[in-house]
>>> print(open('query.cif').read())   # mmCIF, C-alpha atoms
data_run
#
loop_
_atom_site.label_atom_id
_atom_site.label_comp_id
_atom_site.auth_asym_id
_atom_site.auth_seq_id
_atom_site.Cartn_x
_atom_site.Cartn_y
_atom_site.Cartn_z
CA MET A 862 -22.38 16.17 -3.65
CA SER A 863 -20.91 12.69 -3.43
CA LYS A 864 -17.68 12.17 -1.57
CA ASP A 865 -14.51 13.50 -3.12
CA PRO A 866 -12.97 10.84 -5.44
CA VAL A 867 -9.50 11.33 -4.00
CA LEU A 868 -10.71 10.83 -0.42
CA THR A 869 -12.68 7.75 -1.49
CA LEU A 870 -9.56 6.21 -3.00
CA ILE A 871 -7.49 7.08 0.08
CA ASP A 872 -10.06 5.42 2.36
CA LEU A 873 -9.97 2.27 0.23
CA PHE A 874 -6.16 2.16 0.34
CA ALA A 875 -6.28 2.65 4.11
CA ARG A 876 -8.27 -0.58 4.39
CA LEU A 877 -5.42 -2.66 2.95
CA PRO A 878 -3.20 -4.57 5.37
CA GLY A 879 -0.18 -2.56 6.47
CA PHE A 880 -1.77 0.75 5.44
CA GLY A 881 -2.88 3.68 7.54
CA GLN A 882 -4.34 7.00 6.49
CA ARG A 883 -0.92 8.58 6.11
CA SER A 884 0.62 5.89 3.92
CA ALA A 885 -2.63 5.68 1.93
CA ARG A 886 -2.46 9.43 1.24
CA ARG A 887 1.12 9.05 0.14
CA ALA A 888 0.35 6.18 -2.22
CA VAL A 889 -2.69 7.93 -3.74
CA LEU A 890 -0.80 11.17 -4.25
CA HIS A 891 1.97 9.25 -5.99
CA LEU A 892 -0.61 7.56 -8.21
CA ILE A 893 -2.30 10.83 -9.14
CA LYS A 894 1.01 12.44 -9.98
CA LYS A 895 1.50 9.59 -12.45
CA LYS A 896 -2.02 10.02 -13.75
CA GLU A 897 -1.04 9.48 -17.36
CA THR A 898 0.95 6.29 -16.86
CA LEU A 899 0.68 4.44 -13.58
CA LEU A 900 -2.97 5.18 -12.80
CA PRO A 901 -4.47 3.77 -16.03
CA ASP A 902 -2.19 0.72 -15.69
CA PHE A 903 -3.58 0.25 -12.21
CA ALA A 904 -7.15 0.53 -13.42
CA ASN A 905 -6.52 -2.00 -16.21
CA ALA A 906 -4.71 -4.43 -13.92
CA ILE A 907 -7.58 -4.38 -11.43
CA GLN A 908 -10.15 -4.86 -14.18
CA ASN A 909 -8.12 -7.80 -15.51
CA VAL A 910 -8.01 -9.39 -12.08
CA ILE A 911 -11.77 -8.92 -11.62
CA ARG A 912 -12.47 -10.34 -15.05
CA THR A 913 -10.12 -13.28 -15.11
CA VAL A 914 -8.86 -14.41 -11.72
CA ARG A 915 -10.72 -17.24 -10.03
CA PHE A 916 -10.03 -19.58 -7.14
CA CYS A 917 -9.10 -22.98 -8.59
CA PRO A 918 -11.98 -25.41 -7.84
CA VAL A 919 -9.48 -28.23 -7.31
CA CYS A 920 -6.76 -26.79 -5.10
CA GLY A 921 -7.92 -23.27 -4.10
CA ASN A 922 -5.03 -21.47 -5.85
CA LEU A 923 -5.68 -18.15 -7.58
CA ASP A 924 -5.30 -18.15 -11.34
CA SER A 925 -6.79 -16.83 -14.55
CA GLN A 926 -7.39 -20.37 -15.77
CA SER A 927 -9.63 -22.90 -14.09
CA PRO A 928 -8.41 -25.39 -12.95
CA CYS A 929 -5.22 -23.48 -12.24
CA HIS A 930 -1.98 -23.90 -14.19
CA ILE A 931 -0.46 -25.99 -11.40
CA CYS A 932 -3.36 -28.46 -11.40
CA MET A 933 -3.24 -28.66 -15.20
CA ASP A 934 0.54 -29.08 -15.43
CA ASN A 935 1.15 -32.71 -16.38
CA GLU A 936 4.84 -32.43 -15.55
CA ARG A 937 3.96 -32.02 -11.89
CA ASP A 938 3.57 -35.04 -9.69
CA GLY A 939 -0.14 -35.31 -8.90
CA HIS A 940 0.59 -37.87 -6.20
CA ILE A 941 2.21 -35.41 -3.83
CA ILE A 942 -0.03 -32.72 -2.42
CA CYS A 943 1.33 -29.89 -0.31
CA VAL A 944 -1.26 -28.58 2.16
CA VAL A 945 -0.95 -24.86 2.88
CA GLN A 946 -2.92 -22.38 4.91
CA ASP A 947 -3.15 -19.66 2.34
CA VAL A 948 -2.40 -18.72 -1.27
CA ALA A 949 0.46 -16.53 -0.02
CA ASP A 950 2.16 -19.66 1.37
CA LEU A 951 1.64 -21.44 -1.94
CA TRP A 952 3.35 -18.52 -3.69
CA ALA A 953 6.22 -18.67 -1.18
CA ILE A 954 6.80 -22.38 -1.87
CA GLU A 955 6.57 -21.80 -5.64
CA ARG A 956 9.24 -19.08 -5.35
CA SER A 957 11.55 -21.60 -3.70
CA ALA A 958 11.17 -23.75 -6.86
CA ALA A 959 11.82 -26.79 -4.67
CA PHE A 960 8.45 -28.49 -5.02
CA LYS A 961 7.06 -30.10 -8.14
CA GLY A 962 3.83 -31.60 -6.81
CA ARG A 963 0.38 -30.08 -6.46
CA TYR A 964 -1.19 -28.01 -3.70
CA HIS A 965 -4.24 -27.82 -1.51
CA VAL A 966 -5.09 -24.44 0.03
CA LEU A 967 -7.06 -24.79 3.28
CA ASN A 968 -8.05 -21.13 3.41
CA GLY A 969 -7.29 -20.81 7.10
CA LEU A 970 -6.49 -22.94 10.13
CA LEU A 971 -8.57 -24.68 12.76
CA SER A 972 -8.98 -22.19 15.56
CA ALA A 973 -10.85 -22.60 18.82
CA ILE A 974 -10.67 -18.86 19.48
CA ASP A 975 -12.01 -17.79 16.07
CA GLY A 976 -14.45 -20.70 16.03
CA THR A 977 -13.05 -22.08 12.77
CA GLY A 978 -13.97 -25.76 12.43
CA PRO A 979 -13.05 -28.32 9.73
CA GLU A 980 -16.14 -27.45 7.66
CA GLU A 981 -15.05 -23.80 7.35
CA LEU A 982 -11.77 -24.95 5.81
CA LYS A 983 -11.27 -26.86 2.57
CA LEU A 984 -10.84 -30.10 4.52
CA PRO A 985 -13.90 -31.94 3.12
CA ALA A 986 -12.66 -30.96 -0.33
CA LEU A 987 -9.24 -32.42 0.50
CA GLU A 988 -10.81 -35.69 1.67
CA LYS A 989 -12.90 -35.91 -1.50
CA ARG A 990 -9.81 -35.20 -3.57
CA LEU A 991 -7.78 -37.89 -1.80
CA LYS A 992 -10.50 -40.50 -2.24
CA GLU A 993 -11.35 -39.71 -5.85
CA VAL A 994 -8.01 -39.65 -7.55
CA SER A 995 -6.36 -42.94 -8.35
CA PRO A 996 -3.94 -44.50 -8.05
CA LEU A 997 -3.28 -43.98 -4.36
CA PRO A 998 -1.07 -43.76 -2.29
CA TYR A 999 -0.55 -40.06 -2.07
CA GLU A 1000 1.94 -38.20 -0.04
CA LEU A 1001 0.53 -35.22 1.86
CA ILE A 1002 3.12 -32.62 2.88
CA LEU A 1003 1.78 -30.40 5.64
CA ALA A 1004 3.36 -26.96 5.15
CA LEU A 1005 1.50 -25.33 8.03
CA PRO A 1006 2.83 -22.65 10.39
CA THR A 1007 4.44 -23.73 13.65
CA THR A 1008 1.81 -21.96 15.72
CA VAL A 1009 -0.76 -23.48 18.05
CA ASP A 1010 -3.46 -23.29 15.37
CA GLY A 1011 -1.09 -24.57 12.69
CA GLN A 1012 -0.07 -27.59 14.73
CA THR A 1013 -3.67 -28.27 15.82
CA THR A 1014 -4.65 -28.32 12.16
CA ALA A 1015 -1.74 -30.63 11.32
CA HIS A 1016 -2.72 -33.07 14.07
CA TYR A 1017 -6.34 -32.97 12.96
CA ILE A 1018 -5.36 -33.80 9.36
CA ILE A 1019 -3.09 -36.67 10.47
CA ASP A 1020 -5.91 -38.07 12.58
CA ARG A 1021 -8.62 -37.61 9.96
CA PHE A 1022 -6.72 -39.35 7.19
CA LYS A 1023 -5.00 -42.03 9.29
CA ASP A 1024 -7.07 -44.82 7.69
CA LEU A 1025 -6.24 -43.77 4.14
CA PRO A 1026 -3.11 -45.23 2.55
CA VAL A 1027 -1.52 -41.81 2.52
CA LYS A 1028 1.92 -40.90 3.77
CA ILE A 1029 1.81 -37.65 5.73
CA SER A 1030 4.91 -35.57 6.28
CA SER A 1031 5.63 -32.10 7.62
CA LEU A 1032 8.18 -29.43 6.71
CA ALA A 1033 11.39 -29.78 8.69
CA GLN A 1034 11.66 -27.42 11.62
CA GLY A 1035 14.86 -25.86 12.84
CA ILE A 1036 17.16 -22.94 12.40
CA PRO A 1037 16.52 -20.87 9.25
CA LEU A 1038 19.25 -20.40 6.67
CA GLY A 1039 21.57 -17.64 7.83
CA GLY A 1040 19.85 -17.66 11.22
CA GLU A 1041 22.05 -16.35 14.01
CA LEU A 1042 21.51 -18.37 17.19
CA ASP A 1043 21.73 -15.23 19.26
CA TYR A 1044 18.69 -13.73 17.55
CA LEU A 1045 16.48 -16.84 17.53
CA ASP A 1046 13.79 -17.41 20.12
CA ASP A 1047 14.31 -20.09 22.78
CA GLY A 1048 11.56 -22.30 21.35
CA THR A 1049 13.27 -22.58 17.97
CA ILE A 1050 16.65 -23.39 19.54
CA ARG A 1051 15.08 -26.02 21.81
CA MET A 1052 13.27 -27.58 18.83
CA ALA A 1053 16.41 -27.56 16.69
CA LEU A 1054 18.35 -29.25 19.50
CA ASN A 1055 15.70 -31.92 20.04
CA SER A 1056 15.45 -32.65 16.31
CA ARG A 1057 19.24 -32.71 15.77
CA HIS A 1058 20.44 -35.14 13.15
CA MET B 1031 0.57 -15.83 -22.99
CA SER B 1032 0.53 -12.36 -21.44
CA LYS B 1033 1.75 -11.92 -17.91
CA ASP B 1034 -0.41 -13.25 -15.12
CA PRO B 1035 -2.92 -10.55 -14.02
CA VAL B 1036 -2.19 -11.12 -10.33
CA LEU B 1037 1.56 -10.68 -10.84
CA THR B 1038 0.94 -7.55 -12.92
CA LEU B 1039 -1.11 -6.01 -10.12
CA ILE B 1040 1.49 -6.99 -7.51
CA ASP B 1041 4.23 -5.33 -9.58
CA LEU B 1042 2.18 -2.13 -9.83
CA PHE B 1043 1.55 -2.08 -6.09
CA ALA B 1044 5.26 -2.65 -5.48
CA ARG B 1045 5.97 0.62 -7.34
CA LEU B 1046 4.05 2.69 -4.78
CA PRO B 1047 6.04 4.51 -2.08
CA GLY B 1048 6.43 2.42 1.06
CA PHE B 1049 5.72 -0.82 -0.76
CA GLY B 1050 7.95 -3.77 -1.51
CA GLN B 1051 7.17 -7.07 -3.21
CA ARG B 1052 6.12 -8.67 0.07
CA SER B 1053 3.70 -5.98 1.19
CA ALA B 1054 2.38 -5.68 -2.38
CA ARG B 1055 1.63 -9.42 -2.41
CA ARG B 1056 -0.15 -9.07 0.92
CA ALA B 1057 -2.27 -6.15 -0.26
CA VAL B 1058 -3.20 -7.81 -3.56
CA LEU B 1059 -4.11 -11.08 -1.86
CA HIS B 1060 -6.31 -9.17 0.57
CA LEU B 1061 -7.98 -7.38 -2.36
CA ILE B 1062 -8.60 -10.61 -4.26
CA LYS B 1063 -10.09 -12.28 -1.20
CA LYS B 1064 -12.57 -9.39 -1.13
CA LYS B 1065 -13.17 -9.76 -4.85
CA GLU B 1066 -16.90 -9.17 -4.55
CA THR B 1067 -16.73 -6.00 -2.45
CA LEU B 1068 -13.43 -4.20 -2.06
CA LEU B 1069 -11.98 -4.91 -5.52
CA PRO B 1070 -14.85 -3.42 -7.59
CA ASP B 1071 -14.91 -0.41 -5.24
CA PHE B 1072 -11.21 0.02 -5.92
CA ALA B 1073 -11.71 -0.17 -9.67
CA ASN B 1074 -14.54 2.38 -9.53
CA ALA B 1075 -12.60 4.75 -7.28
CA ILE B 1076 -9.61 4.70 -9.62
CA GLN B 1077 -11.83 5.29 -12.66
CA ASN B 1078 -13.47 8.21 -10.86
CA VAL B 1079 -10.10 9.73 -10.08
CA ILE B 1080 -8.94 9.31 -13.68
CA ARG B 1081 -12.16 10.81 -15.01
CA THR B 1082 -12.63 13.72 -12.64
CA VAL B 1083 -9.53 14.74 -10.73
CA ARG B 1084 -7.47 17.59 -12.16
CA PHE B 1085 -4.76 19.89 -10.89
CA CYS B 1086 -6.31 23.29 -10.18
CA PRO B 1087 -5.00 25.76 -12.82
CA VAL B 1088 -4.92 28.53 -10.20
CA CYS B 1089 -3.30 26.99 -7.13
CA GLY B 1090 -2.15 23.49 -8.14
CA ASN B 1091 -4.43 21.66 -5.69
CA LEU B 1092 -6.04 18.37 -6.72
CA ASP B 1093 -9.80 18.42 -7.08
CA SER B 1094 -12.68 17.18 -9.17
CA GLN B 1095 -13.71 20.74 -9.93
CA SER B 1096 -11.60 23.30 -11.77
CA PRO B 1097 -10.70 25.76 -10.29
CA CYS B 1098 -10.64 23.76 -7.07
CA HIS B 1099 -13.21 24.15 -4.27
CA ILE B 1100 -10.71 26.16 -2.19
CA CYS B 1101 -10.11 28.68 -4.98
CA MET B 1102 -13.88 28.92 -5.59
CA ASP B 1103 -14.83 29.28 -1.91
CA ASN B 1104 -15.86 32.91 -1.41
CA GLU B 1105 -15.75 32.57 2.36
CA ARG B 1106 -11.99 32.12 2.17
CA ASP B 1107 -9.72 35.12 2.26
CA GLY B 1108 -8.23 35.45 -1.20
CA HIS B 1109 -5.69 37.95 0.10
CA ILE B 1110 -3.71 35.42 2.09
CA ILE B 1111 -1.92 32.75 0.10
CA CYS B 1112 -0.15 29.87 1.79
CA VAL B 1113 2.76 28.57 -0.30
CA VAL B 1114 3.36 24.81 0.08
CA GLN B 1115 5.72 22.35 -1.52
CA ASP B 1116 3.22 19.67 -2.29
CA VAL B 1117 -0.48 18.77 -2.29
CA ALA B 1118 0.18 16.51 0.72
CA ASP B 1119 1.22 19.59 2.72
CA LEU B 1120 -1.91 21.44 1.60
CA TRP B 1121 -3.97 18.51 2.88
CA ALA B 1122 -2.08 18.57 6.19
CA ILE B 1123 -2.83 22.27 6.71
CA GLU B 1124 -6.48 21.75 5.72
CA ARG B 1125 -6.76 18.98 8.34
CA SER B 1126 -5.56 21.42 10.99
CA ALA B 1127 -8.56 23.64 10.05
CA ALA B 1128 -6.49 26.63 11.18
CA PHE B 1129 -6.18 28.40 7.84
CA LYS B 1130 -8.94 30.10 5.91
CA GLY B 1131 -7.01 31.63 3.03
CA ARG B 1132 -5.99 30.16 -0.32
CA TYR B 1133 -2.99 28.07 -1.37
CA HIS B 1134 -0.26 27.91 -3.94
CA VAL B 1135 1.37 24.52 -4.55
CA LEU B 1136 4.94 24.86 -5.84
CA ASN B 1137 5.26 21.22 -6.88
CA GLY B 1138 8.71 20.85 -5.41
CA LEU B 1139 11.55 22.90 -3.98
CA LEU B 1140 14.55 24.63 -5.47
CA SER B 1141 17.36 22.12 -5.39
CA ALA B 1142 20.91 22.51 -6.56
CA ILE B 1143 21.48 18.76 -6.35
CA ASP B 1144 18.39 17.76 -8.33
CA GLY B 1145 18.85 20.72 -10.66
CA THR B 1146 15.39 22.14 -9.92
CA GLY B 1147 15.27 25.83 -10.81
CA PRO B 1148 12.49 28.42 -10.38
CA GLU B 1149 11.05 27.63 -13.83
CA GLU B 1150 10.50 23.98 -12.91
CA LEU B 1151 8.37 25.08 -9.95
CA LYS B 1152 5.11 27.01 -10.05
CA LEU B 1153 6.97 30.24 -9.21
CA PRO B 1154 6.22 32.14 -12.43
CA ALA B 1155 2.56 31.19 -11.91
CA LEU B 1156 2.75 32.59 -8.36
CA GLU B 1157 4.23 35.86 -9.63
CA LYS B 1158 1.53 36.13 -12.28
CA ARG B 1159 -1.11 35.42 -9.65
CA LEU B 1160 0.28 38.06 -7.27
CA LYS B 1161 0.41 40.70 -9.98
CA GLU B 1162 -2.98 39.99 -11.52
CA VAL B 1163 -5.29 39.88 -8.58
CA SER B 1164 -6.36 43.17 -7.04
CA PRO B 1165 -6.55 44.68 -4.57
CA LEU B 1166 -3.06 44.09 -3.22
CA PRO B 1167 -1.45 43.77 -0.67
CA TYR B 1168 -1.41 40.07 -0.18
CA GLU B 1169 0.10 38.14 2.64
CA LEU B 1170 2.20 35.18 1.55
CA ILE B 1171 2.65 32.51 4.23
CA LEU B 1172 5.60 30.28 3.41
CA ALA B 1173 4.79 26.82 4.78
CA LEU B 1174 7.94 25.19 3.49
CA PRO B 1175 9.98 22.45 5.19
CA THR B 1176 12.88 23.44 7.45
CA THR B 1177 15.39 21.68 5.23
CA VAL B 1178 18.18 23.21 3.20
CA ASP B 1179 16.08 23.12 0.02
CA GLY B 1180 13.01 24.40 1.84
CA GLN B 1181 14.85 27.36 3.31
CA THR B 1182 16.62 28.09 0.02
CA THR B 1183 13.24 28.24 -1.67
CA ALA B 1184 11.87 30.50 1.07
CA HIS B 1185 14.79 32.92 0.70
CA TYR B 1186 14.40 32.90 -3.06
CA ILE B 1187 10.69 33.75 -2.79
CA ILE B 1188 11.37 36.55 -0.28
CA ASP B 1189 14.00 37.97 -2.62
CA ARG B 1190 11.96 37.59 -5.81
CA PHE B 1191 8.89 39.35 -4.44
CA LYS B 1192 10.66 41.96 -2.28
CA ASP B 1193 9.52 44.83 -4.55
CA LEU B 1194 5.87 43.81 -4.46
CA PRO B 1195 3.70 45.25 -1.67
CA VAL B 1196 3.32 41.78 -0.18
CA LYS B 1197 3.86 40.80 3.40
CA ILE B 1198 5.76 37.52 3.59
CA SER B 1199 5.67 35.38 6.73
CA SER B 1200 6.80 31.88 7.62
CA LEU B 1201 5.38 29.18 9.88
CA ALA B 1202 6.71 29.44 13.43
CA GLN B 1203 9.49 27.03 14.19
CA GLY B 1204 10.04 25.37 17.55
CA ILE B 1205 9.11 22.41 19.66
CA PRO B 1206 6.12 20.40 18.37
CA LEU B 1207 3.04 19.94 20.54
CA GLY B 1208 3.68 17.09 22.98
CA GLY B 1209 7.34 17.11 21.96
CA GLU B 1210 9.62 15.68 24.63
CA LEU B 1211 12.88 17.66 24.76
CA ASP B 1212 14.82 14.48 25.30
CA TYR B 1213 13.72 13.09 21.93
CA LEU B 1214 14.19 16.24 19.86
CA ASP B 1215 17.24 16.81 17.73
CA ASP B 1216 19.79 19.41 18.82
CA GLY B 1217 18.98 21.71 15.92
CA THR B 1218 15.33 22.02 16.92
CA ILE B 1219 16.20 22.74 20.55
CA ARG B 1220 18.78 25.35 19.52
CA MET B 1221 16.25 26.99 17.20
CA ALA B 1222 13.53 26.97 19.86
CA LEU B 1223 15.93 28.56 22.35
CA ASN B 1224 17.02 31.29 19.92
CA SER B 1225 13.42 32.07 18.98
CA ARG B 1226 12.13 32.07 22.59
CA HIS B 1227 9.38 34.57 23.29
#
>>> encode(input="query.cif", output="structure tokens")
Amino acid sequence: MSKDPVLTLIDLFARLPGFGQRSARRAVLHLIKKKETLLPDFANAIQNVIRTVRFCPVCGNLDSQSPCHICMDNERDGHIICVVQDVADLWAIERSAAFKGRYHVLNGLLSAIDGTGPEELKLPALEKRLKEVSPLPYELILALPTTVDGQTTAHYIIDRFKDLPVKISSLAQGIPLGGELDYLDDGTIRMALNSRH
Amino acid sequence: MSKDPVLTLIDLFARLPGFGQRSARRAVLHLIKKKETLLPDFANAIQNVIRTVRFCPVCGNLDSQSPCHICMDNERDGHIICVVQDVADLWAIERSAAFKGRYHVLNGLLSAIDGTGPEELKLPALEKRLKEVSPLPYELILALPTTVDGQTTAHYIIDRFKDLPVKISSLAQGIPLGGELDYLDDGTIRMALNSRH
């Protein structure tokens, strides 16, 4: 006999980030109790994603059209490209509704420990994109995390494109909105002090 | 245009217990990144569950056979029935591998606040089951939570079946294995003291 379908589904849920066996059991049980409504919706939604969602060949965003709706939106400023690590970061910036340019998803960061070099990321694709589209100059906004790998990647990008007529900026760093000084780490406070304006 | 398939899937995930928008986004992004492997497995597992999994008409367990494999297992003692609130509790007892009888899933607890009466639970089905199967006597093990509703339900069951030749027992209550006294609530310690043996 093949493995029990319920156990199979629980094991799959347990492989999602933030899930363990216990929370997976809870989620699956909830789904099965809503067998007539939620479960078919789930099945359809997953089939839809499999059938339609692709990574955008231009920017690396996820969308059901290709190129993605951001790349195809003529109201957006194609001369400003925001470089992000991951699609999740792109979504976060889109939710802020503060950016009306285009994106470039690197799909990771340079990392000596993980052995991720520039060729593993979408950096050659970014270079090609910068050189192909006219008219230059572009502005590149580096929206990369303030971690060692994030900053290494930022420095690498600045260095790699220093001969192109491209303005490169980074997100401002400092105290987050509503951030209580008492709860912030020393590094953030030091950085906010040094970058005071 | 219909709603974006990715957003639809995120919204469905966010309706699962223990999930919010953020964790749903994380899970969906992880799934889409494994589009070639994990996502089709997910779709198949859900289809299998929809197609095969049913609530057992005898005991209320979830299984792909009907009656379930526990009810059909002749090596199990059909004269001991363990009464649980929920399929999750049945699974928990099965994992302990300490019980070789059958089950009865109530699908909830009596609750004055939620307005759940005996007819909403599988209590008439339990009575029918007790009266139909011979030879009696049965033992009923009440594996119900030590909450107000759980204990109300236990008392109700004891009262309802007091005229049947059925022995009714409850799970022992006390200090859990590895339980540090210092971290246990007062009620548990008091109960463990009163029930000392």
>>> residues_near_point(input="query.cif", point="(-2.8, 11.3, -15.5)", cutoff="10 Å", atoms="all atoms listed in the file", output="mmCIF file with C-alpha atoms, in the frame of the given file")
data_model
loop_
_atom_site.group_PDB
_atom_site.id
_atom_site.type_symbol
_atom_site.label_atom_id
_atom_site.label_comp_id
_atom_site.auth_asym_id
_atom_site.auth_seq_id
_atom_site.Cartn_x
_atom_site.Cartn_y
_atom_site.Cartn_z
ATOM 1 C CA LEU A 892 -0.610 7.560 -8.210
ATOM 2 C CA ILE A 893 -2.300 10.830 -9.140
ATOM 3 C CA LYS A 894 1.010 12.440 -9.980
ATOM 4 C CA LYS A 895 1.500 9.590 -12.450
ATOM 5 C CA LYS A 896 -2.020 10.020 -13.750
ATOM 6 C CA GLU A 897 -1.040 9.480 -17.360
ATOM 7 C CA THR A 898 0.950 6.290 -16.860
ATOM 8 C CA LEU A 899 0.680 4.440 -13.580
ATOM 9 C CA LEU A 900 -2.970 5.180 -12.800
ATOM 10 C CA PRO A 901 -4.470 3.770 -16.030
ATOM 11 C CA VAL B 1079 -10.100 9.730 -10.080
ATOM 12 C CA ILE B 1080 -8.940 9.310 -13.680
ATOM 13 C CA ARG B 1081 -12.160 10.810 -15.010
ATOM 14 C CA VAL B 1083 -9.530 14.740 -10.730
ATOM 15 C CA ARG B 1084 -7.470 17.590 -12.160
ATOM 16 C CA PHE B 1085 -4.760 19.890 -10.890
#
>>> atom_distance(input="query.cif", atom1="atom CA of B:Asp1144", atom2="atom CA of B:Asp1116")
16.4 Å
>>> interface_residues(input="query.cif", of="chain A", to="chain B", cutoff="6 Å", atoms="only C-alpha atoms", output="PyMOL selection string")
chain A and resi 866+870+877-878+888+904+906+910
>>> resolve_selection(input="query.cif", expression="the PyMOL selection byres ((chain B and resi 1119) around 12)", output="ChimeraX atom specification")
/A:883,886-887,890 /B:1091-1092,1112-1118,1120-1126,1133-1138,1172-1175
>>> atom_distance(input="query.cif", atom1="atom CA of B:Thr1182", atom2="atom CA of B:Ala1202")
16.7 Å
>>> atom_distance(input="query.cif", atom1="atom CA of A:Gln1034", atom2="atom CA of A:Arg963")
21.5 Å
>>> build_atoms(input="query.cif", residues="stretch 1098-1109 of chain B", atoms="N, CA, C and O atoms", output="PDB file, in the coordinates of the input")
ATOM      1  N   CYS B1098     -10.290  24.656  -8.171  1.00  0.00           N
ATOM      2  CA  CYS B1098     -10.640  23.760  -7.070  1.00  0.00           C
ATOM      3  C   CYS B1098     -11.601  24.436  -6.089  1.00  0.00           C
ATOM      4  O   CYS B1098     -11.802  25.653  -6.127  1.00  0.00           O
ATOM      5  N   HIS B1099     -12.180  23.631  -5.182  1.00  0.00           N
ATOM      6  CA  HIS B1099     -13.210  24.150  -4.270  1.00  0.00           C
ATOM      7  C   HIS B1099     -12.622  25.201  -3.319  1.00  0.00           C
ATOM      8  O   HIS B1099     -13.344  26.066  -2.839  1.00  0.00           O
ATOM      9  N   ILE B1100     -11.310  25.143  -3.064  1.00  0.00           N
ATOM     10  CA  ILE B1100     -10.710  26.160  -2.190  1.00  0.00           C
ATOM     11  C   ILE B1100     -10.622  27.498  -2.928  1.00  0.00           C
ATOM     12  O   ILE B1100     -10.948  28.550  -2.379  1.00  0.00           O
ATOM     13  N   CYS B1101     -10.201  27.447  -4.188  1.00  0.00           N
ATOM     14  CA  CYS B1101     -10.110  28.680  -4.980  1.00  0.00           C
ATOM     15  C   CYS B1101     -11.494  29.283  -5.229  1.00  0.00           C
ATOM     16  O   CYS B1101     -11.628  30.499  -5.414  1.00  0.00           O
ATOM     17  N   MET B1102     -12.537  28.439  -5.285  1.00  0.00           N
ATOM     18  CA  MET B1102     -13.880  28.920  -5.590  1.00  0.00           C
ATOM     19  C   MET B1102     -14.659  29.328  -4.346  1.00  0.00           C
ATOM     20  O   MET B1102     -15.765  29.855  -4.448  1.00  0.00           O
ATOM     21  N   ASP B1103     -14.093  29.044  -3.151  1.00  0.00           N
ATOM     22  CA  ASP B1103     -14.830  29.280  -1.910  1.00  0.00           C
ATOM     23  C   ASP B1103     -14.743  30.765  -1.536  1.00  0.00           C
ATOM     24  O   ASP B1103     -13.692  31.253  -1.130  1.00  0.00           O
ATOM     25  N   ASN B1104     -15.867  31.466  -1.650  1.00  0.00           N
ATOM     26  CA  ASN B1104     -15.860  32.910  -1.410  1.00  0.00           C
ATOM     27  C   ASN B1104     -15.714  33.271   0.057  1.00  0.00           C
ATOM     28  O   ASN B1104     -15.458  34.424   0.397  1.00  0.00           O
ATOM     29  N   GLU B1105     -15.915  32.287   0.936  1.00  0.00           N
ATOM     30  CA  GLU B1105     -15.750  32.570   2.360  1.00  0.00           C
ATOM     31  C   GLU B1105     -14.275  32.598   2.754  1.00  0.00           C
ATOM     32  O   GLU B1105     -13.934  32.996   3.866  1.00  0.00           O
ATOM     33  N   ARG B1106     -13.418  32.127   1.863  1.00  0.00           N
ATOM     34  CA  ARG B1106     -11.990  32.120   2.170  1.00  0.00           C
ATOM     35  C   ARG B1106     -11.368  33.452   1.756  1.00  0.00           C
ATOM     36  O   ARG B1106     -11.783  34.051   0.769  1.00  0.00           O
ATOM     37  N   ASP B1107     -10.369  33.842   2.498  1.00  0.00           N
ATOM     38  CA  ASP B1107      -9.720  35.120   2.260  1.00  0.00           C
ATOM     39  C   ASP B1107      -8.717  34.988   1.114  1.00  0.00           C
ATOM     40  O   ASP B1107      -7.632  34.421   1.267  1.00  0.00           O
ATOM     41  N   GLY B1108      -9.092  35.539  -0.036  1.00  0.00           N
ATOM     42  CA  GLY B1108      -8.230  35.450  -1.200  1.00  0.00           C
ATOM     43  C   GLY B1108      -6.992  36.317  -1.111  1.00  0.00           C
ATOM     44  O   GLY B1108      -6.143  36.291  -2.001  1.00  0.00           O
ATOM     45  N   HIS B1109      -6.855  37.082  -0.020  1.00  0.00           N
ATOM     46  CA  HIS B1109      -5.690  37.950   0.100  1.00  0.00           C
ATOM     47  C   HIS B1109      -4.579  37.363   0.944  1.00  0.00           C
ATOM     48  O   HIS B1109      -3.572  38.008   1.187  1.00  0.00           O
TER      49      HIS B1109
END
